[in-house]
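> Below: one structure in C-alpha cells.
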Amino acid sequence: MNAEAGPRPPLIALDGLRKHYGGRGGAPAVEVLRGVSLRIEAGEFVAIVGASGSGKSTLMHLLGCLDRPSAGTYRFDGRDVAMLDADELARLRREAFGFVFQGYHLIATESAQENVEVPAIYAGQPEAARHARSQALLDRLGLGDRLGHRPHQLSGGQQQRVSIARALMNGGRVILADEPTGALDSKSGAEVMALLEELADAGHTVVIITHDREVAAAARRVVEIRDGLVVADSARAAPPRSAARAQVEPAGESRGPSLSTELRDACRAAWRVMWINRFRTSLTLLGIVIGVASVIVMLAVGLGARHQVVAQASAFGANLLYMSSVGASSRIPGRSVTLADLQAVGDLPLLSHVLPNVTGNKVVRFGEKDLQTYVRGTGAAMPEVQSWPVRLGGFFSAEDDRDLAAVAVLGHKLARDLMPEVPNPVGRRILIENMPFQVVGVMAEKGAAAGDQSYDDLLLMPFSTAGVKVFGQREPTYTAMAVREGASVDAAEKAVDELMFERHGIRDYRIGNAAAAIAAKARTEDTMTLLLGLIAAVSLLVGGIGVMNVMLMTVRERTREIGIRMATGARRSDILRQFLTEAVLVSVVGGSAGVLIGLAIGAGLIVAGVPLIFSLRAIAGAFVCATATGLVFGFMPARQAAGLDPVVALSSE
Ligand code: ADP
Ligand code: MG
C-alpha cells in the first residue's frame with residue numbers, strides 16, 4: 001500500500017492472487033494459489049522457494065502473463081494486466097519478460113542463433129540488427145562458436161545459456177527463471193546461477209523459482225511459498241536497493257513484427273519443418289501432385305481430342321451423307337441398297353455427288369513385298385467430294401470405272417511402305433489378289449488433317465473394278481453423298497430417306513451425316529474431359545485432406561514449440577500465419593511438382609503420338625487450386641494452433 005502511494009509504483013505488484021484449476025463438471029476445484037500478495041521492485045534478484053507442488057510454476061506463469069489469475073490483481077508497472085487483451089499480453093511478454101525454463105524449451109528444428117532470435121522476430125527487429133545482437137549475446141554467454149548448432153547438439157548447460165540469451169534478446173527487463181538449474185549438473189548449474197547474478201547486477205529484474213534452498217541462497221531476496229501462500233519473505237527484513245540499480249535499456253523498440261520479416265521467417269521455418277519431415281511430407285504431397293498433374297494432362301488430352309475432332313470435321317467435309325444397308329436384307333443381293341437405288345438417289349436435286357464404295361482388306365504385292373491393306377473401290381469424284389487431293393499422277397476417271405480398268409491410286413503411306421525405293425510409283429505394276437493393276441496416282445497425306453492415320457494406308461480403285469474383280473459384289477458397302485452447296489444437310493437427308501423408303505418399303509438402310517457424327521463425337525469427348533477433370537478434382541480434394549492431416553499432426557507434434565513462441569511474444573495471429581504459411585508452402589511445393597510432372601507426362605504422351613494441347617489456363621488454374629487447397633485445408637489446423645493456451649502448450653510433451 002505504501003509503495004502504491006509513492007510516485008513510482010513497484011514493477012510487479014500482486015494482491016490476493018488466486019488460481020484454481022478444474023471445479024467444473026463435478027471435479028473438485030484445486031486451489032493452487034490461495035491469495036498471494038507480493039511486490040517486486042525493478043532490479044531485484046528474488047528467489048521464490050517452495051516444495052514441489054506448492055504452486056511456484058503456476059505463480060511464474062501468472063507473473064509472465066502466460067496465464068490469467070482466477071482472482072486478485074496483478075499490476076505490472078502500475079498497469080492492471082487483467083485489462084489487457086491477448087495481443088497486448090503478447091506484446092508485454094515480448095517487451096518485458098524473458099523466460100528461462102527448467103527444460104530449456106528451445107525449438108528443436110532451429111539453430112542456437114535462430115532460437116535466440118525468435119523474440120526479436122516477433123518484435124519486428126530488422127534482420128541485420130537481430131543477427132548482430134544474437135551473435136553478441138551468444139558470444140557473451142560463451143557460445144560464439146555454437147551459433148549454428150541445433151539444441152540436440154548442445155549440452156544441457158549450453159542449451160540453458162541459449163535460453164538465457166533468448167530471454168535477453170528483447171532486453172529482458174524481467175527474467176523469469178523456473179528451476180533454471182533443475183536439469184543441470186552442479187557445475188553447469190553454478191555457471192547459470194553466476195550468469196543470472198551478473199544479469200541482476202547489470203540491472204535486470206531476476207525472479208528465479210526453485211525448490212532448492214542452496215540455489216535460492218544466491219538471490220538477494222528469498223520468498224518462500226507453501227500450499228499456495230507466501231509464508232516467508234526476506235524483503236521484510238532487508239528492503240530492496242532497487243533505487244540504486246541501473247535501469248536496463250530495452251534492446252529493440254518493439255514495433256510488432258513486420259509482415260515481410262515474419263512471412264520470410266515463417267517460410268524459412270516451414271521449409272525446414274517440411275525438409276525434416278520430408279518423407280511424410282512427400283507422401284502427403286502425392287495427392288496434390290497427382291491432382292495437379294492429372295488436371296493438366298487430362299485437360300490437355302481433352303483439348304487435343306476436341307481439336308482433332310474439329311480437324312476431322314473439316315477433313316471429311318461436313319456436307320456429306322452416308323448410307324449403308326442394315327437389317328435382315330442387307331446381305332441379300334437385290335434387297336440391300338443397290339446401284340438402282342443410287343441411280344434414283346443421284347437424281348435428287350439436293351445432292352451433287354453420289355459415291356458408291358466397296359471396301360475390304362486385300363493383299364497387295366509389289367515385287368517381293370506383300371502387304372495386307374484396306375482397299376476401297378469408289379467413284380471418280382472422290383477427291384473432290386472428300387477434299388482430298390492427289391499428290392502424284394492423277395485419279396482414275398469415270399471412264400475407268402465404266403470400263404472396269406485395272407488402275408489403282410495409293411495412299412501416301414501405302415506408297416512409301418510398298419515401294420520405299422521408288423520415288424514415283426506412278427506407272428508401276430502391282431498385284432492385288434494376284435491380279436495386275438497399274439498405279440496411276442498417289443494421294444496427298446490425309447491422316448494428319450483427319451486425325452486418322454489409316455487414311456494414308458488406303459488403296460483406291462474404281463468402284464466397278466473393285467466390285468467385279470476384287471470383291472465379287474455389285475452392291476456398295478456404303479455410299480457417300482455430297483449435299484449440294486447451299487442446301488441443308490438435314491433436308492437432303494430427309495429427301496434421301498423418303499425416296500429410299502418409297503423404293504424399299506422398309507428401313508433396311510441407315511443414313512447418317514458426318515456433321516452429326518462429329519458433333520456427337522465431340523460431345524463424347526467433352527463428357528470425357530469433364531469426367532477426367534472431375535477425377536482430377538477429387539484427387540486434388542484428397543490432396544487437400546492430406547495437407548490438413550499432416551498439418552494437424554504437425555500442430556500436435558509442435559504444441560510445445562507453439563507454447564515457446566507464445567511465451568516469447570508471438571500473438572495468436574502470428575501463430576495462425578505461421579501454420580497457414582506452412583500449409584500453403586506445402587501445397588505450393590506440391591502444386592509446382594504437379595505442374596512439372598504433368599508437363600513431363602504430357603511431353604511423353606506427345607512423343608508417343610497422342611495429340612495433346614496444353615492450356616496455360618488449366619495449368620495456372622490447377623496451381624492456384626492447389627495453393628487454395630493449402631489455404632482452405634490448412635486453416636483449421638492453424639486456427640487450432642493459434643487457439644492453444646500458452647501454459648498448456650508449454651507443458652505439453
Ligand atoms: P510447483 O512448480 O511448485 O512444483 P505447480 O505450480 O507446477 O507447482 O503446481 C501446483 C499444483 O497445481 C500441483 O498440485 C499441480 O498438480 C496443480 N496444477 C498445475 N497445473 C495444473 C492444471 N493445469 N490443472 C490442474 N492442476 C494443476
Ligand atoms: Mg514447477
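Scheme for the C-alpha cells: letters A, B, ... for chains in order shown; per-chain residue numbers from 1; ligand numbers from 1 in order shown.
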Using only C-alpha atoms and all ligand atoms, find each protein or nucleic acid residue lying at most 12 Å from ligand 2; present the set as an mmCIF file with N, CA, C and O atoms, in the first residue's frame.

```cif
data_model
loop_
_atom_site.group_PDB
_atom_site.id
_atom_site.type_symbol
_atom_site.label_atom_id
_atom_site.label_comp_id
_atom_site.auth_asym_id
_atom_site.auth_seq_id
_atom_site.Cartn_x
_atom_site.Cartn_y
_atom_site.Cartn_z
ATOM 1 N N VAL A 32 -4.689 -23.737 -6.253
ATOM 2 C CA VAL A 32 -3.229 -23.831 -6.257
ATOM 3 C C VAL A 32 -2.610 -22.600 -5.593
ATOM 4 O O VAL A 32 -1.697 -22.712 -4.775
ATOM 5 N N ILE A 48 12.056 -17.467 -5.469
ATOM 6 C CA ILE A 48 10.828 -17.973 -4.863
ATOM 7 C C ILE A 48 11.059 -19.447 -4.595
ATOM 8 O O ILE A 48 11.306 -20.221 -5.534
ATOM 9 N N VAL A 49 11.040 -19.829 -3.334
ATOM 10 C CA VAL A 49 11.300 -21.237 -2.998
ATOM 11 C C VAL A 49 10.051 -21.879 -2.444
ATOM 12 O O VAL A 49 9.183 -21.212 -1.864
ATOM 13 N N GLY A 50 10.015 -23.163 -2.614
ATOM 14 C CA GLY A 50 8.891 -23.915 -2.080
ATOM 15 C C GLY A 50 9.024 -25.360 -2.527
ATOM 16 O O GLY A 50 9.739 -25.650 -3.493
ATOM 17 N N ALA A 51 8.314 -26.237 -1.812
ATOM 18 C CA ALA A 51 8.376 -27.654 -2.174
ATOM 19 C C ALA A 51 7.713 -27.860 -3.528
ATOM 20 O O ALA A 51 6.965 -26.997 -4.001
ATOM 21 N N SER A 52 7.994 -28.990 -4.092
ATOM 22 C CA SER A 52 7.360 -29.329 -5.362
ATOM 23 C C SER A 52 5.852 -29.375 -5.171
ATOM 24 O O SER A 52 5.367 -29.918 -4.179
ATOM 25 N N GLY A 53 5.128 -28.787 -6.088
ATOM 26 C CA GLY A 53 3.670 -28.799 -5.993
ATOM 27 C C GLY A 53 3.104 -27.657 -5.172
ATOM 28 O O GLY A 53 1.897 -27.553 -4.986
ATOM 29 N N SER A 54 3.962 -26.766 -4.703
ATOM 30 C CA SER A 54 3.461 -25.683 -3.853
ATOM 31 C C SER A 54 2.873 -24.534 -4.674
ATOM 32 O O SER A 54 2.305 -23.598 -4.119
ATOM 33 N N GLY A 55 3.025 -24.589 -5.975
ATOM 34 C CA GLY A 55 2.394 -23.570 -6.833
ATOM 35 C C GLY A 55 3.370 -22.559 -7.407
ATOM 36 O O GLY A 55 2.964 -21.512 -7.916
ATOM 37 N N LYS A 56 4.647 -22.889 -7.403
ATOM 38 C CA LYS A 56 5.660 -21.935 -7.885
ATOM 39 C C LYS A 56 5.528 -21.692 -9.394
ATOM 40 O O LYS A 56 5.536 -20.546 -9.858
ATOM 41 N N SER A 57 5.440 -22.778 -10.134
ATOM 42 C CA SER A 57 5.342 -22.618 -11.595
ATOM 43 C C SER A 57 4.067 -21.872 -11.967
ATOM 44 O O SER A 57 4.061 -21.016 -12.860
ATOM 45 N N THR A 58 3.009 -22.203 -11.274
ATOM 46 C CA THR A 58 1.746 -21.506 -11.519
ATOM 47 C C THR A 58 1.936 -20.008 -11.309
ATOM 48 O O THR A 58 1.505 -19.187 -12.126
ATOM 49 N N LEU A 59 2.628 -19.666 -10.229
ATOM 50 C CA LEU A 59 2.885 -18.262 -9.936
ATOM 51 C C LEU A 59 3.719 -17.619 -11.045
ATOM 52 O O LEU A 59 3.459 -16.494 -11.477
ATOM 53 N N MET A 60 4.715 -18.365 -11.501
ATOM 54 C CA MET A 60 5.559 -17.789 -12.551
ATOM 55 C C MET A 60 4.774 -17.560 -13.841
ATOM 56 O O MET A 60 4.965 -16.557 -14.527
ATOM 57 N N HIS A 61 3.901 -18.495 -14.179
ATOM 58 C CA HIS A 61 3.082 -18.314 -15.389
ATOM 59 C C HIS A 61 2.220 -17.063 -15.277
ATOM 60 O O HIS A 61 2.026 -16.347 -16.247
ATOM 61 N N PHE A 101 13.460 -21.733 -18.750
ATOM 62 C CA PHE A 101 12.713 -22.868 -18.197
ATOM 63 C C PHE A 101 13.653 -23.991 -17.783
ATOM 64 O O PHE A 101 14.762 -24.119 -18.305
ATOM 65 N N GLN A 102 13.146 -24.826 -16.896
ATOM 66 C CA GLN A 102 13.914 -25.985 -16.464
ATOM 67 C C GLN A 102 14.289 -26.859 -17.664
ATOM 68 O O GLN A 102 15.408 -27.301 -17.794
ATOM 69 N N GLY A 103 13.334 -27.056 -18.559
ATOM 70 C CA GLY A 103 13.590 -27.928 -19.718
ATOM 71 C C GLY A 103 14.102 -27.151 -20.927
ATOM 72 O O GLY A 103 14.003 -27.634 -22.046
ATOM 73 N N ALA A 177 12.870 -17.199 -14.290
ATOM 74 C CA ALA A 177 13.539 -18.484 -14.486
ATOM 75 C C ALA A 177 12.912 -19.521 -13.577
ATOM 76 O O ALA A 177 12.926 -19.389 -12.355
ATOM 77 N N ASP A 178 12.314 -20.551 -14.222
ATOM 78 C CA ASP A 178 11.653 -21.613 -13.460
ATOM 79 C C ASP A 178 12.593 -22.801 -13.337
ATOM 80 O O ASP A 178 12.849 -23.488 -14.320
ATOM 81 N N GLU A 179 13.103 -23.041 -12.159
ATOM 82 C CA GLU A 179 14.060 -24.124 -11.910
ATOM 83 C C GLU A 179 15.147 -24.140 -12.986
ATOM 84 O O GLU A 179 15.351 -25.147 -13.646
ATOM 85 N N PRO A 180 15.849 -23.040 -13.170
ATOM 86 C CA PRO A 180 16.790 -22.967 -14.292
ATOM 87 C C PRO A 180 17.933 -23.965 -14.168
ATOM 88 O O PRO A 180 18.555 -24.311 -15.166
ATOM 89 N N GLY A 182 17.521 -26.927 -12.569
ATOM 90 C CA GLY A 182 16.929 -28.206 -12.183
ATOM 91 C C GLY A 182 17.428 -29.390 -12.989
ATOM 92 O O GLY A 182 17.521 -30.501 -12.483
ATOM 93 N N ILE A 208 13.881 -16.001 -9.805
ATOM 94 C CA ILE A 208 14.084 -17.421 -10.068
ATOM 95 C C ILE A 208 13.214 -18.230 -9.131
ATOM 96 O O ILE A 208 12.896 -17.821 -8.009
ATOM 97 N N ILE A 209 12.823 -19.356 -9.638
ATOM 98 C CA ILE A 209 11.941 -20.233 -8.885
ATOM 99 C C ILE A 209 12.702 -21.522 -8.657
ATOM 100 O O ILE A 209 13.347 -22.042 -9.596
ATOM 101 N N THR A 210 12.712 -21.997 -7.454
ATOM 102 C CA THR A 210 13.473 -23.211 -7.179
ATOM 103 C C THR A 210 12.924 -23.908 -5.947
ATOM 104 O O THR A 210 12.272 -23.294 -5.097
ATOM 105 N N HIS A 211 13.157 -25.189 -5.884
ATOM 106 C CA HIS A 211 12.790 -25.912 -4.665
ATOM 107 C C HIS A 211 14.040 -26.087 -3.808
ATOM 108 O O HIS A 211 14.002 -26.608 -2.716
ATOM 109 N N ASP A 212 15.196 -25.586 -4.323
ATOM 110 C CA ASP A 212 16.495 -25.845 -3.715
ATOM 111 C C ASP A 212 16.931 -24.601 -2.933
ATOM 112 O O ASP A 212 17.176 -23.547 -3.509
ATOM 113 N N SER A 651 3.549 -26.869 -21.477
ATOM 114 C CA SER A 651 3.777 -28.034 -20.635
ATOM 115 C C SER A 651 3.529 -29.335 -21.377
ATOM 116 O O SER A 651 3.675 -30.399 -20.823
#
```
> With only C-alpha atoms as the counted atoms, please give the residues lying no more than 9 Å from range 187-203 of chain A, apart from itself and same-chain residues fewer than 4 positions off, as a compact mmCIF listing (two decimals) with C-alpha atoms, in the first residue's frame.

```
# COMPACT_ATOMS: atom_id res chain seq x y z
CA ALA A 42 12.73 -3.13 -10.63
CA GLY A 43 16.25 -4.52 -10.36
CA GLU A 44 15.56 -7.02 -7.61
CA PHE A 45 17.01 -10.52 -7.62
CA LEU A 141 27.50 -16.34 -22.89
CA GLY A 156 22.26 -29.07 -21.06
CA GLY A 157 24.29 -26.17 -19.70
CA GLN A 158 24.81 -24.80 -23.20
CA GLN A 160 20.26 -23.25 -20.83
CA ARG A 161 22.67 -20.48 -21.81
CA ILE A 164 19.12 -17.14 -21.28
CA ARG A 173 13.79 -6.33 -18.22
CA ILE A 175 13.98 -12.55 -16.30
CA PRO A 180 16.79 -22.97 -14.29
CA THR A 181 19.33 -25.34 -12.77
CA GLY A 182 16.93 -28.21 -12.18
CA ALA A 183 18.12 -30.29 -15.13
CA ILE A 208 14.08 -17.42 -10.07
CA VAL A 215 20.18 -22.18 -5.17
CA ALA A 218 22.32 -16.93 -4.30
CA ALA A 219 19.45 -14.45 -4.62
CA SER A 242 16.40 -1.13 -6.36
CA ARG A 245 20.26 -0.02 -9.68
CA ALA A 246 20.84 0.92 -13.25
CA GLN A 247 17.84 0.58 -15.47
CA VAL A 248 18.05 -1.94 -18.26
```
> Might you pull out every residue within 6 Å of range 404-419 of chain A, with only C-alpha atoms counted and same-chain residues fewer than 5 positions away left off, and present them as a list of chain:residue names?
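The residues satisfying every condition are A:Phe437, A:Gln438, A:Val439, A:Val440, A:Gly441, A:Val442, A:Met443, A:Ala444, A:Glu445, A:Asp456, A:Asp457, A:Leu458, A:Leu459, A:Leu460, A:Met461, A:Ser464, A:Thr465.
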> So which residues touch Val116 in chain A within 9 Å, counting only C-alpha atoms, skipping near sequence neighbours fewer than 6 positions away, as a PyMOL selection string?
chain A and resi 106+134-135+137-138+162-169
> Based on the backbone DSSP call, show me all residues of range 365-567 of chain A assigned strand (DSSP E), as JSON, numbers by chain.
{"A": [365, 366, 369, 370, 371, 372, 373, 374, 375, 376, 377, 378, 390, 391, 392, 393, 407, 408, 409, 410, 429, 430, 431, 432, 435, 436, 437, 438, 439, 440, 441, 442, 443, 459, 460, 461, 462, 478, 479, 480, 481, 482, 483, 509, 510, 511, 512, 513]}
> Can you pull out the residues contacting Val207 in chain A? Cut-off 6 Å, using only C-alpha atoms, and skip same-chain residues under 5 positions away; I want them as number ranges by chain.
A: 45-47, 176
> Using the chain letters and numbers from this document, which residues of range 21-137 of chain A does DSSP assign to alpha helix (DSSP H), as a ChimeraX atom specification?
/A:56-63,86-96,112-123,127-137
> One number please: CA of Gly393 in chain A to CA of Tyr374 in chain A, in Å, one decimal.
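It comes out at 20.7 Å.
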> Residues within 12 Å of Leu321 in chain A, please, as a PyMOL selection string. Count only C-alpha atoms; anything in the same chain fewer than 4 positions from it doesn't count.
chain A and resi 316-317+345+350-356+385-386+478-484+488-497+510-517
> Fewer than 6 positions away in the same chain doesn't count, so skip those; otherwise give me all residues within 10 Å of Glu127 in chain A, counting only C-alpha atoms, as number ranges by chain.
A: 117, 120-121, 133, 261
> Which residue out of A:Gly302, A:Gly544, A:Gly609, A:Pro119 has the minimum interatomic distance to Thr527 in chain A when only C-alpha atoms are used?
A:Gly302
